>>> print(open('input_30.txt').read())   # compact mmCIF, C-alpha atoms
# COMPACT_ATOMS: atom_id res chain seq x y z
CA MET W 294 0.00 0.00 0.00
CA THR W 295 1.11 3.55 -0.73
CA ARG W 296 2.75 5.24 2.26
CA THR W 297 3.82 8.88 2.16
CA VAL W 298 6.24 9.53 5.00
CA ILE W 299 6.58 13.00 6.52
CA GLU W 300 8.99 13.62 9.39
CA SER W 301 10.10 16.21 11.88
CA LYS W 302 13.26 15.78 13.93
CA THR W 303 11.47 13.44 16.34
CA LYS W 304 8.07 12.49 14.88
CA THR W 305 6.88 10.56 11.84
CA VAL W 306 3.48 10.88 10.20
CA VAL W 307 2.39 8.43 7.51
CA ILE W 308 -0.28 9.32 4.98
CA GLY W 309 -1.76 6.13 3.61
CA PHE W 310 -4.86 4.21 2.59
CA ASP W 311 -4.77 2.18 5.84
CA GLU W 312 -3.81 5.07 8.11
CA PRO W 313 -5.93 7.54 10.08
CA PHE W 314 -6.87 10.58 8.02
CA CYS W 315 -4.01 13.10 8.09
CA VAL W 316 -5.07 16.57 9.22
CA ILE W 317 -2.75 19.29 7.89
CA GLY W 318 -3.35 22.53 9.79
CA GLU W 319 -3.90 25.51 7.48
CA ARG W 320 -3.85 28.46 9.89
CA ILE W 321 -0.25 29.65 9.48
CA ASN W 322 -1.03 31.54 6.31
CA PRO W 323 -1.12 35.36 6.02
CA THR W 324 -3.14 35.25 2.78
CA GLY W 325 -6.42 37.01 3.51
CA ARG W 326 -5.39 37.62 7.13
CA LYS W 327 -4.42 41.31 7.22
CA LYS W 328 -3.78 41.30 10.97
CA LEU W 329 -1.36 38.38 10.71
CA ALA W 330 0.41 39.95 7.71
CA ALA W 331 0.82 43.20 9.64
CA GLU W 332 2.23 41.33 12.63
CA LEU W 333 4.75 39.51 10.46
CA GLU W 334 5.78 42.79 8.86
CA ALA W 335 6.45 44.14 12.35
CA GLY W 336 8.46 41.06 13.30
CA ASP W 337 5.74 39.81 15.66
CA PHE W 338 5.34 36.02 15.53
CA SER W 339 3.03 35.66 18.54
CA THR W 340 -0.05 34.72 16.47
CA VAL W 341 1.99 32.22 14.46
CA GLU W 342 3.17 30.55 17.67
CA LYS W 343 -0.35 30.57 19.14
CA ASP W 344 -1.83 29.11 15.95
CA ALA W 345 0.84 26.41 15.81
CA LEU W 346 0.26 25.22 19.37
CA GLU W 347 -3.52 25.49 19.11
CA GLN W 348 -3.72 23.51 15.88
CA VAL W 349 -1.53 20.73 17.24
CA ALA W 350 -3.61 20.53 20.42
CA CYS W 351 -6.78 20.27 18.32
CA GLY W 352 -5.46 17.39 16.22
CA ALA W 353 -3.24 18.71 13.42
CA MET W 354 -0.70 16.02 12.54
CA VAL W 355 1.21 18.30 10.14
CA LEU W 356 1.37 22.11 10.04
CA ASP W 357 1.21 23.96 6.72
CA VAL W 358 3.53 27.00 6.74
CA ASN W 359 2.73 29.64 4.12
CA SER W 360 5.00 32.66 3.68
CA GLY W 361 2.82 34.63 1.23
CA ALA W 362 2.74 37.87 3.18
CA VAL W 363 2.45 41.35 1.65
CA PHE W 364 4.54 43.94 3.53
CA THR W 365 2.74 47.11 2.49
CA ASN W 366 4.62 49.54 4.75
CA ARG W 367 8.06 48.17 3.94
CA MET W 368 7.14 48.25 0.25
CA ALA W 369 6.69 52.02 0.47
CA GLU W 370 10.17 52.37 1.97
CA ASP W 371 11.98 49.81 -0.17
CA PRO W 372 10.65 48.68 -3.58
CA ARG W 373 12.30 45.27 -3.17
CA TYR W 374 9.48 44.34 -0.79
CA ALA W 375 7.06 44.38 -3.72
CA ASP W 376 8.79 41.21 -4.94
CA ASN W 377 7.72 37.96 -3.30
CA ASN W 378 11.06 36.46 -4.36
CA PHE W 379 12.68 38.94 -1.98
CA VAL W 380 10.14 38.74 0.86
CA GLU W 381 9.29 35.08 1.15
CA PRO W 382 12.59 33.13 1.46
CA PRO W 383 13.80 34.84 4.68
CA LEU W 384 10.27 34.92 6.08
CA MET W 385 9.85 31.19 5.45
CA LYS W 386 13.08 30.45 7.31
CA GLU W 387 11.99 32.55 10.27
CA LEU W 388 8.52 31.01 10.38
CA ILE W 389 9.94 27.50 10.38
CA ALA W 390 12.52 28.33 13.05
CA ARG W 391 9.82 29.78 15.32
CA ILE W 392 7.48 26.84 14.84
CA GLN W 393 10.14 24.16 15.27
CA ALA W 394 11.20 25.81 18.54
CA ILE W 395 7.80 25.19 20.13
CA THR W 396 6.38 22.03 18.52
CA ASP W 397 7.80 18.86 16.99
CA VAL W 398 5.11 17.95 14.43
CA PRO W 399 6.22 17.65 10.79
CA LEU W 400 5.76 20.65 8.51
CA CYS W 401 4.34 21.35 5.06
CA ILE W 402 6.29 24.10 3.26
CA ASP W 403 3.80 26.16 1.27
CA SER W 404 4.75 28.82 -1.27
CA SER W 405 4.44 29.72 -4.93
CA VAL W 406 8.03 31.04 -4.79
CA PRO W 407 10.67 28.38 -5.53
CA GLY W 408 13.26 30.29 -3.48
CA ALA W 409 10.96 30.14 -0.46
CA LEU W 410 10.42 26.42 -0.97
CA GLU W 411 14.17 25.81 -0.95
CA ALA W 412 14.68 28.13 2.02
CA GLY W 413 12.08 26.09 3.87
CA LEU W 414 13.72 22.81 2.88
CA GLN W 415 17.04 24.09 4.21
CA ALA W 416 15.48 25.22 7.49
CA CYS W 417 13.33 22.14 8.17
CA GLU W 418 14.49 19.36 10.43
CA GLY W 419 13.34 15.99 9.13
CA ARG W 420 11.38 15.30 5.94
CA PRO W 421 8.73 17.95 5.28
CA LEU W 422 5.95 17.90 2.71
CA LEU W 423 6.46 20.41 -0.11
CA ASN W 424 3.42 22.40 -1.24
CA SER W 425 3.33 22.45 -4.23
CA VAL W 426 3.92 21.51 -7.85
CA THR W 427 1.37 21.92 -10.65
CA GLY W 428 1.20 20.53 -14.17
CA GLU W 429 2.57 23.78 -15.59
CA GLU W 430 5.77 23.01 -17.47
CA GLU W 431 7.78 25.81 -15.87
CA ARG W 432 6.59 24.86 -12.38
CA MET W 433 7.50 21.18 -12.82
CA ASP W 434 10.95 22.16 -14.09
CA LEU W 435 11.51 24.33 -11.01
CA VAL W 436 9.98 22.22 -8.25
CA LEU W 437 10.60 18.59 -9.16
CA PRO W 438 14.40 18.99 -9.00
CA LEU W 439 13.98 20.32 -5.43
CA VAL W 440 11.82 17.32 -4.54
CA LYS W 441 14.52 14.99 -5.83
CA LYS W 442 17.42 16.93 -4.31
CA TYR W 443 15.95 16.98 -0.80
CA ASN W 444 14.14 13.61 -1.06
CA VAL W 445 10.79 14.95 0.15
CA PRO W 446 7.17 14.28 -0.78
CA VAL W 447 5.23 16.91 -2.71
CA VAL W 448 1.64 18.04 -3.18
CA ALA W 449 0.70 17.88 -6.87
CA ILE W 450 -2.14 20.22 -7.83
CA SER W 451 -4.24 19.19 -10.83
CA ASN W 452 -4.01 22.35 -12.93
CA ASP W 453 -1.64 23.18 -15.75
CA ASP W 454 -0.81 25.93 -18.24
CA THR W 455 -4.47 25.98 -19.37
CA GLY W 456 -5.71 26.70 -15.83
CA ILE W 457 -8.17 24.70 -13.73
CA SER W 458 -10.45 22.57 -15.84
CA PRO W 459 -14.07 21.97 -14.79
CA ASP W 460 -13.72 18.55 -16.44
CA PRO W 461 -12.58 15.91 -13.88
CA ASP W 462 -11.08 13.79 -16.66
CA VAL W 463 -8.76 16.65 -17.56
CA ARG W 464 -7.76 17.13 -13.92
CA PHE W 465 -6.99 13.40 -13.69
CA ALA W 466 -4.86 13.65 -16.84
CA VAL W 467 -2.89 16.55 -15.31
CA ALA W 468 -2.28 14.53 -12.15
CA LYS W 469 -1.10 11.58 -14.24
CA LYS W 470 1.26 13.86 -16.17
CA ILE W 471 2.82 15.12 -12.93
CA VAL W 472 3.24 11.58 -11.56
CA GLU W 473 4.88 10.47 -14.82
CA ARG W 474 7.15 13.52 -14.98
CA ALA W 475 8.14 12.95 -11.35
CA ALA W 476 9.08 9.37 -12.21
CA ASP W 477 11.47 10.77 -14.84
CA PHE W 478 13.29 12.46 -11.95
CA GLY W 479 13.32 9.23 -9.93
CA ILE W 480 10.54 10.42 -7.61
CA PRO W 481 8.22 7.51 -6.67
CA ALA W 482 4.44 7.76 -6.75
CA GLN W 483 4.33 7.27 -2.98
CA ASP W 484 5.95 10.71 -2.64
CA ILE W 485 3.25 12.42 -4.70
CA VAL W 486 0.14 13.60 -2.82
CA VAL W 487 -2.37 14.74 -5.41
CA ASP W 488 -4.79 17.60 -4.85
CA PRO W 489 -7.59 16.96 -7.39
CA LEU W 490 -8.96 20.45 -6.72
CA VAL W 491 -12.27 20.70 -4.90
CA MET W 492 -14.67 23.12 -6.59
CA PRO W 493 -17.30 25.07 -4.60
CA VAL W 494 -20.50 23.05 -4.55
CA GLY W 495 -22.48 26.29 -4.44
CA ALA W 496 -21.20 27.13 -7.92
CA MET W 497 -21.01 23.60 -9.32
CA ALA W 498 -23.65 21.18 -8.00
CA SER W 499 -21.62 18.13 -9.03
CA ALA W 500 -18.40 19.31 -7.34
CA GLY W 501 -18.63 16.79 -4.51
CA GLN W 502 -19.43 13.90 -6.82
CA GLN W 503 -16.57 14.92 -9.10
CA VAL W 504 -13.94 14.90 -6.39
CA PHE W 505 -15.13 11.60 -4.90
CA ALA W 506 -14.85 9.95 -8.32
CA LEU W 507 -11.47 11.56 -8.92
CA VAL W 508 -10.09 10.37 -5.59
CA ARG W 509 -11.13 6.79 -6.39
CA ARG W 510 -9.41 6.97 -9.78
CA LEU W 511 -6.25 8.50 -8.31
CA ARG W 512 -6.09 5.71 -5.76
CA ASP W 513 -6.97 2.82 -8.07
CA GLU W 514 -5.19 3.88 -11.27
CA LEU W 515 -2.19 5.91 -10.05
CA GLY W 516 -1.80 4.52 -6.52
CA VAL W 517 -1.26 7.96 -4.99
CA ASN W 518 -2.38 9.57 -1.78
CA THR W 519 -4.62 12.62 -1.99
CA THR W 520 -5.30 15.89 -0.24
CA CYS W 521 -7.39 19.02 -0.75
CA GLY W 522 -8.23 22.41 0.63
CA ALA W 523 -11.29 21.09 2.43
CA SER W 524 -13.08 24.40 2.95
CA ASN W 525 -13.18 25.13 -0.81
CA VAL W 526 -16.23 22.91 -1.15
CA SER W 527 -18.37 25.23 0.99
CA PHE W 528 -17.14 28.57 -0.34
CA GLY W 529 -19.95 31.12 -0.55
CA LEU W 530 -22.46 29.02 1.40
CA PRO W 531 -24.07 29.63 4.80
CA ASN W 532 -23.18 27.25 7.65
CA ARG W 533 -19.96 26.32 5.89
CA HIS W 534 -18.69 24.12 8.71
CA GLY W 535 -21.73 21.87 8.43
CA VAL W 536 -21.03 21.36 4.73
CA ASN W 537 -17.34 20.71 5.43
CA ALA W 538 -18.23 18.20 8.15
CA ALA W 539 -20.41 16.26 5.71
CA PHE W 540 -17.86 16.45 2.90
CA LEU W 541 -14.86 15.15 4.83
CA PRO W 542 -16.21 11.68 5.80
CA MET W 543 -17.58 11.23 2.28
CA ALA W 544 -14.14 12.07 0.85
CA ILE W 545 -12.51 9.69 3.32
CA GLY W 546 -14.92 6.96 2.27
CA ALA W 547 -13.93 7.58 -1.35
CA GLY W 548 -10.26 7.15 -0.44
CA MET W 549 -8.96 10.64 0.36
CA THR W 550 -6.11 10.36 2.84
CA SER W 551 -5.42 13.93 4.00
CA ALA W 552 -6.70 17.51 3.90
CA ILE W 553 -5.34 20.99 4.47
CA MET W 554 -7.93 22.39 6.84
CA ASN W 555 -8.66 24.25 10.06
CA PRO W 556 -8.47 21.73 12.94
CA VAL W 557 -9.73 24.31 15.44
CA ARG W 558 -13.30 23.73 14.20
CA SER W 559 -14.79 21.02 16.39
CA VAL W 560 -17.56 19.92 14.00
CA GLU W 561 -15.06 19.02 11.25
CA MET W 562 -12.73 17.26 13.68
CA GLU W 563 -15.65 15.31 15.15
CA ALA W 564 -16.56 14.14 11.64
CA ILE W 565 -12.98 13.03 10.95
CA ARG W 566 -12.66 11.15 14.27
CA ALA W 567 -15.90 9.33 13.58
CA ALA W 568 -14.83 8.52 10.02
CA ASN W 569 -11.52 7.09 11.24
CA MET W 570 -13.40 4.74 13.54
CA LEU W 571 -15.88 3.71 10.84
CA MET W 572 -13.02 3.02 8.41
CA ASN W 573 -11.37 0.81 11.06
CA HIS W 574 -8.43 3.22 11.36
CA ASP W 575 -9.01 3.75 15.09
CA PRO W 576 -8.27 0.49 16.97
CA ASN W 577 -10.90 -0.22 19.62
CA GLY W 578 -12.26 3.32 19.13
CA ALA W 579 -9.56 4.67 21.45
CA GLU W 580 -9.23 8.02 19.68
CA TRP W 581 -13.01 8.42 19.47
CA ILE W 582 -13.32 7.83 23.22
CA ARG W 583 -10.55 10.34 23.90
CA PHE W 584 -12.22 12.86 21.59
CA SER W 585 -15.57 12.31 23.31
CA ARG W 586 -14.01 13.50 26.55
CA ILE W 587 -13.03 16.71 24.76
CA LEU W 588 -16.62 17.18 23.54
CA ASP W 589 -17.87 16.62 27.08
CA ALA W 590 -15.57 19.37 28.32
CA VAL W 591 -16.86 21.70 25.59
CA LYS W 592 -20.43 21.00 26.73
CA GLU W 593 -19.38 22.03 30.21
CA GLY W 594 -18.16 25.41 28.97
CA ALA W 595 -14.55 24.99 27.80
CA SER W 596 -13.57 26.20 24.36
CA PHE W 597 -12.61 23.48 21.91
CA PRO W 598 -8.88 24.44 21.86
CA GLU W 599 -8.82 24.62 25.68
CA ALA W 600 -10.45 21.22 26.01
CA CYS W 601 -8.07 19.71 23.45
CA ALA W 602 -5.02 21.16 25.20
CA ALA W 603 -6.19 19.87 28.57
CA GLN W 604 -6.83 16.38 27.18
CA ALA W 605 -3.45 16.32 25.46
CA ALA W 606 -1.72 17.32 28.69
CA ALA W 607 -3.59 14.63 30.58
CA GLY W 608 -3.39 11.77 28.14
CA GLY W 609 -0.75 12.16 25.41
CA ARG W 610 -1.17 12.57 21.70
CA GLY W 611 -2.47 9.23 20.43
CA ARG W 612 -1.09 7.26 17.49
CA ARG W 613 1.56 9.57 16.10
CA ARG W 614 4.78 7.61 15.73
CA ALA W 615 7.99 8.55 17.48
CA ARG W 616 11.07 8.16 15.31
CA ALA W 617 13.78 5.78 16.43
>>> encode(input="input_30.txt", output="structure tokens")
Amino acid sequence: MTRTVIESKTKTVVIGFDEPFCVIGERINPTGRKKLAAELEAGDFSTVEKDALEQVACGAMVLDVNSGAVFTNRMAEDPRYADNNFVEPPLMKELIARIQAITDVPLCIDSSVPGALEAGLQACEGRPLLNSVTGEEERMDLVLPLVKKYNVPVVAISNDDTGISPDPDVRFAVAKKIVERAADFGIPAQDIVVDPLVMPVGAMASAGQQVFALVRRLRDELGVNTTCGASNVSFGLPNRHGVNAAFLPMAIGAGMTSAIMNPVRSVEMEAIRAANMLMNHDPNGAEWIRFSRILDAVKEGASFPEACAAQAAAGGRGRRRARA
């Protein structure tokens, strides 16, 4: 069975068909978060550190680290700050250093800037996940050599030079092209985690059905693990977390093995814990029982992150493997 191995200095996480669903925490991302971007511009990493610890307490097995900040004030003083190639590499290094100082979960290095990806690879201890490569020729030529050089797994996003196709067959073909091109570099399929691209169901009624069918094909025909930006499916809808919580177990049932998502939302995490048990990826329901204690504490007035942190302090972190 396909096993994608991600490591920190001391911990190993395996994404696989027979493994518990891998939750990749999405919160360390300044895109669309003006307050966080302003803090980073001022050299303030307190929210980053808080988000890192909170996501891990709530169940994130891997933390996505995105360096796509816009430094508006510095840009006015120095035009170099208008260039992401200038801003992101040193910021990525600093973000990773701060996060690794306070938590030992593996990381996912997330940037559209190749220099930031390599800066992250140099700063990371262990074997991070690289996010991402697309089917665009230029992007494959830039990113796949980094994947090979540092021997890391990579997220492969199913769009290419023509953009994002609404046709799931085209998105599958793009994924297949990336897997085949990676093989030319000596990168095995087990180190490719495909994002088939989840469309908003509010704009495309068949979006859910499309991604479930795509995930099955990616598993059966290419033998690759899969991921997605889980909240994309509910974009523009009311009660988004309810839609996300329904989508995630259905995706897991179709064979999806990970998602980049917000683990601080209890309804989504409850759905994932239940799905793990129903898929027989939670021996004796131990994680479900532990999670039920967290829900009980929430009913008694604790916030979800507080209850998770208290449970983690009292009872450990579950099935995550310690490296030898």
>>> closest_atom_pairs(input="input_30.txt", of="region 355-443 of chain W", to="region 483-496 of chain W", cutoff="10 Å", atoms="all atoms listed in the file", output="Markdown table")
| residue | atom | partner | partner_atom | distance |
| --- | --- | --- | --- | --- |
| W:Leu422 | CA | W:Asp484 | CA | 9.0 |
| W:Leu423 | CA | W:Val486 | CA | 9.7 |
| W:Asn424 | CA | W:Val486 | CA | 9.5 |
| W:Ser425 | CA | W:Asp488 | CA | 9.5 |
| W:Val426 | CA | W:Val487 | CA | 9.6 |
| W:Thr427 | CA | W:Asp488 | CA | 9.5 |
| W:Val440 | CA | W:Asp484 | CA | 9.0 |
>>> residues_around(input="input_30.txt", residues="Thr295 (chain W)", least_positions_apart="2", cutoff="7 Å", atoms="only C-alpha atoms", output="PDB file with C-alpha atoms, in the frame of the given file")
ATOM      1  CA  THR W 297       3.820   8.880   2.160  1.00  0.00           C
ATOM      2  CA  GLY W 309      -1.760   6.130   3.610  1.00  0.00           C
ATOM      3  CA  PHE W 310      -4.860   4.210   2.590  1.00  0.00           C
ATOM      4  CA  GLN W 483       4.330   7.270  -2.980  1.00  0.00           C
ATOM      5  CA  GLY W 516      -1.800   4.520  -6.520  1.00  0.00           C
ATOM      6  CA  VAL W 517      -1.260   7.960  -4.990  1.00  0.00           C
TER       7      VAL W 517
END
>>> closest_atom_pairs(input="input_30.txt", of="region 317-401 of chain W", to="region 573-592 of chain W", cutoff="12 Å", atoms="all atoms listed in the file", output="JSON lines")
{"residue": "W:Ala350", "atom": "CA", "partner": "W:Ile587", "partner_atom": "CA", "distance": 11.1}
{"residue": "W:Cys351", "atom": "CA", "partner": "W:Ile587", "partner_atom": "CA", "distance": 9.7}
{"residue": "W:Gly352", "atom": "CA", "partner": "W:Phe584", "partner_atom": "CA", "distance": 9.7}
>>> atom_distance(input="input_30.txt", atom1="CA of Ile545 (chain W)", atom2="CA of Val358 (chain W)")
23.8 Å
>>> atom_distance(input="input_30.txt", atom1="CA of Arg326 (chain W)", atom2="CA of Asp376 (chain W)")
19.0 Å
>>> atom_distance(input="input_30.txt", atom1="CA of Met554 (chain W)", atom2="CA of Asn532 (chain W)")
16.0 Å
>>> closest_residue(input="input_30.txt", among="W:Asn366, W:Thr520, W:Ser360, W:Ser404", to="Pro383 (chain W)", atoms="only C-alpha atoms")
W:Ser360
>>> closest_residue(input="input_30.txt", among="W:Val447, W:Ile299, W:Val306, W:Val560", to="Cys417 (chain W)", atoms="all atoms listed in the file")
W:Ile299
>>> closest_residue(input="input_30.txt", among="W:Val536, W:Val349, W:Ile392, W:Ala362", to="Ala335 (chain W)", atoms="all atoms listed in the file")
W:Ala362
>>> closest_atom_pairs(input="input_30.txt", of="region 367-459 of chain W", to="region 470-477 of chain W", cutoff="8 Å", atoms="only C-alpha atoms", output="CSV")
residue,atom,partner,partner_atom,distance
W:Thr427,CA,W:Ile471,CA,7.3
W:Gly428,CA,W:Ile471,CA,5.8
W:Met433,CA,W:Ile471,CA,7.7
W:Leu437,CA,W:Ala475,CA,6.5
W:Ala449,CA,W:Ile471,CA,7.0
>>> closest_residue(input="input_30.txt", among="W:Asn537, W:Gln393, W:Gln502, W:Ser596", to="Leu356 (chain W)", atoms="all atoms listed in the file")
W:Gln393
>>> closest_residue(input="input_30.txt", among="W:Ala567, W:Ile321, W:Leu333, W:Leu346", to="Ala605 (chain W)", atoms="all atoms listed in the file")
W:Leu346
>>> closest_residue(input="input_30.txt", among="W:Glu514, W:Glu381, W:Ala409, W:Val316", to="Glu561 (chain W)", atoms="all atoms listed in the file")
W:Val316
>>> build_atoms(input="input_30.txt", residues="region 431-441 of chain W", atoms="all heavy atoms", output="PDB file, in the coordinates of the input")
ATOM      1  N   GLU W 431       6.757  25.041 -16.584  1.00  0.00           N
ATOM      2  CA  GLU W 431       7.780  25.810 -15.870  1.00  0.00           C
ATOM      3  C   GLU W 431       7.828  25.414 -14.394  1.00  0.00           C
ATOM      4  O   GLU W 431       8.907  25.282 -13.803  1.00  0.00           O
ATOM      5  CB  GLU W 431       7.509  27.310 -16.002  1.00  0.00           C
ATOM      6  CG  GLU W 431       8.554  28.169 -15.310  1.00  0.00           C
ATOM      7  CD  GLU W 431       8.263  29.661 -15.449  1.00  0.00           C
ATOM      8  OE1 GLU W 431       7.211  30.023 -16.019  1.00  0.00           O
ATOM      9  OE2 GLU W 431       9.098  30.458 -14.989  1.00  0.00           O
ATOM     10  N   ARG W 432       6.639  25.209 -13.803  1.00  0.00           N
ATOM     11  CA  ARG W 432       6.590  24.860 -12.380  1.00  0.00           C
ATOM     12  C   ARG W 432       7.211  23.479 -12.127  1.00  0.00           C
ATOM     13  O   ARG W 432       7.946  23.288 -11.164  1.00  0.00           O
ATOM     14  CB  ARG W 432       5.136  24.880 -11.908  1.00  0.00           C
ATOM     15  CG  ARG W 432       4.945  24.665 -10.416  1.00  0.00           C
ATOM     16  CD  ARG W 432       5.378  25.864  -9.612  1.00  0.00           C
ATOM     17  NE  ARG W 432       5.119  25.669  -8.182  1.00  0.00           N
ATOM     18  CZ  ARG W 432       5.466  26.515  -7.230  1.00  0.00           C
ATOM     19  NH1 ARG W 432       6.072  27.642  -7.553  1.00  0.00           N
ATOM     20  NH2 ARG W 432       5.212  26.270  -5.971  1.00  0.00           N
ATOM     21  N   MET W 433       6.909  22.507 -12.984  1.00  0.00           N
ATOM     22  CA  MET W 433       7.500  21.180 -12.820  1.00  0.00           C
ATOM     23  C   MET W 433       9.025  21.250 -12.939  1.00  0.00           C
ATOM     24  O   MET W 433       9.749  20.601 -12.173  1.00  0.00           O
ATOM     25  CB  MET W 433       6.913  20.208 -13.833  1.00  0.00           C
ATOM     26  CG  MET W 433       5.485  19.796 -13.533  1.00  0.00           C
ATOM     27  SD  MET W 433       4.891  18.422 -14.556  1.00  0.00           S
ATOM     28  CE  MET W 433       4.761  19.238 -16.160  1.00  0.00           C
ATOM     29  N   ASP W 434       9.510  22.048 -13.890  1.00  0.00           N
ATOM     30  CA  ASP W 434      10.950  22.160 -14.090  1.00  0.00           C
ATOM     31  C   ASP W 434      11.651  22.812 -12.906  1.00  0.00           C
ATOM     32  O   ASP W 434      12.834  22.551 -12.649  1.00  0.00           O
ATOM     33  CB  ASP W 434      11.244  22.964 -15.364  1.00  0.00           C
ATOM     34  CG  ASP W 434      10.893  22.198 -16.630  1.00  0.00           C
ATOM     35  OD1 ASP W 434      10.751  20.961 -16.558  1.00  0.00           O
ATOM     36  OD2 ASP W 434      10.745  22.843 -17.695  1.00  0.00           O
ATOM     37  N   LEU W 435      10.929  23.657 -12.168  1.00  0.00           N
ATOM     38  CA  LEU W 435      11.510  24.330 -11.010  1.00  0.00           C
ATOM     39  C   LEU W 435      11.394  23.503  -9.734  1.00  0.00           C
ATOM     40  O   LEU W 435      12.333  23.444  -8.932  1.00  0.00           O
ATOM     41  CB  LEU W 435      10.813  25.684 -10.800  1.00  0.00           C
ATOM     42  CG  LEU W 435      11.129  26.791 -11.802  1.00  0.00           C
ATOM     43  CD1 LEU W 435      10.190  27.967 -11.597  1.00  0.00           C
ATOM     44  CD2 LEU W 435      12.585  27.247 -11.662  1.00  0.00           C
ATOM     45  N   VAL W 436      10.254  22.863  -9.531  1.00  0.00           N
ATOM     46  CA  VAL W 436       9.980  22.220  -8.250  1.00  0.00           C
ATOM     47  C   VAL W 436      10.443  20.776  -8.176  1.00  0.00           C
ATOM     48  O   VAL W 436      10.995  20.342  -7.151  1.00  0.00           O
ATOM     49  CB  VAL W 436       8.470  22.323  -7.912  1.00  0.00           C
ATOM     50  CG1 VAL W 436       8.153  21.574  -6.610  1.00  0.00           C
ATOM     51  CG2 VAL W 436       8.057  23.789  -7.782  1.00  0.00           C
ATOM     52  N   LEU W 437      10.247  20.010  -9.229  1.00  0.00           N
ATOM     53  CA  LEU W 437      10.600  18.590  -9.160  1.00  0.00           C
ATOM     54  C   LEU W 437      12.085  18.359  -8.877  1.00  0.00           C
ATOM     55  O   LEU W 437      12.430  17.427  -8.125  1.00  0.00           O
ATOM     56  CB  LEU W 437      10.145  17.862 -10.419  1.00  0.00           C
ATOM     57  CG  LEU W 437       8.621  17.723 -10.560  1.00  0.00           C
ATOM     58  CD1 LEU W 437       8.260  17.036 -11.871  1.00  0.00           C
ATOM     59  CD2 LEU W 437       8.005  16.977  -9.377  1.00  0.00           C
ATOM     60  N   PRO W 438      12.996  19.172  -9.402  1.00  0.00           N
ATOM     61  CA  PRO W 438      14.400  18.990  -9.000  1.00  0.00           C
ATOM     62  C   PRO W 438      14.622  19.219  -7.496  1.00  0.00           C
ATOM     63  O   PRO W 438      15.472  18.555  -6.898  1.00  0.00           O
ATOM     64  CB  PRO W 438      15.136  20.051  -9.836  1.00  0.00           C
ATOM     65  CG  PRO W 438      14.292  20.220 -11.050  1.00  0.00           C
ATOM     66  CD  PRO W 438      12.882  20.109 -10.547  1.00  0.00           C
ATOM     67  N   LEU W 439      13.872  20.124  -6.884  1.00  0.00           N
ATOM     68  CA  LEU W 439      13.980  20.320  -5.430  1.00  0.00           C
ATOM     69  C   LEU W 439      13.476  19.093  -4.682  1.00  0.00           C
ATOM     70  O   LEU W 439      14.072  18.677  -3.677  1.00  0.00           O
ATOM     71  CB  LEU W 439      13.168  21.545  -4.998  1.00  0.00           C
ATOM     72  CG  LEU W 439      13.669  22.916  -5.410  1.00  0.00           C
ATOM     73  CD1 LEU W 439      12.684  24.001  -4.941  1.00  0.00           C
ATOM     74  CD2 LEU W 439      15.052  23.186  -4.825  1.00  0.00           C
ATOM     75  N   VAL W 440      12.369  18.529  -5.161  1.00  0.00           N
ATOM     76  CA  VAL W 440      11.820  17.320  -4.540  1.00  0.00           C
ATOM     77  C   VAL W 440      12.842  16.201  -4.560  1.00  0.00           C
ATOM     78  O   VAL W 440      13.059  15.500  -3.555  1.00  0.00           O
ATOM     79  CB  VAL W 440      10.518  16.899  -5.261  1.00  0.00           C
ATOM     80  CG1 VAL W 440       9.992  15.571  -4.717  1.00  0.00           C
ATOM     81  CG2 VAL W 440       9.456  17.989  -5.114  1.00  0.00           C
ATOM     82  N   LYS W 441      13.499  16.026  -5.695  1.00  0.00           N
ATOM     83  CA  LYS W 441      14.520  14.990  -5.830  1.00  0.00           C
ATOM     84  C   LYS W 441      15.745  15.296  -4.981  1.00  0.00           C
ATOM     85  O   LYS W 441      16.275  14.423  -4.276  1.00  0.00           O
ATOM     86  CB  LYS W 441      14.910  14.854  -7.308  1.00  0.00           C
ATOM     87  CG  LYS W 441      16.004  13.829  -7.572  1.00  0.00           C
ATOM     88  CD  LYS W 441      15.569  12.427  -7.149  1.00  0.00           C
ATOM     89  CE  LYS W 441      16.646  11.402  -7.510  1.00  0.00           C
ATOM     90  NZ  LYS W 441      16.267  10.033  -7.052  1.00  0.00           N
TER      91      LYS W 441
END
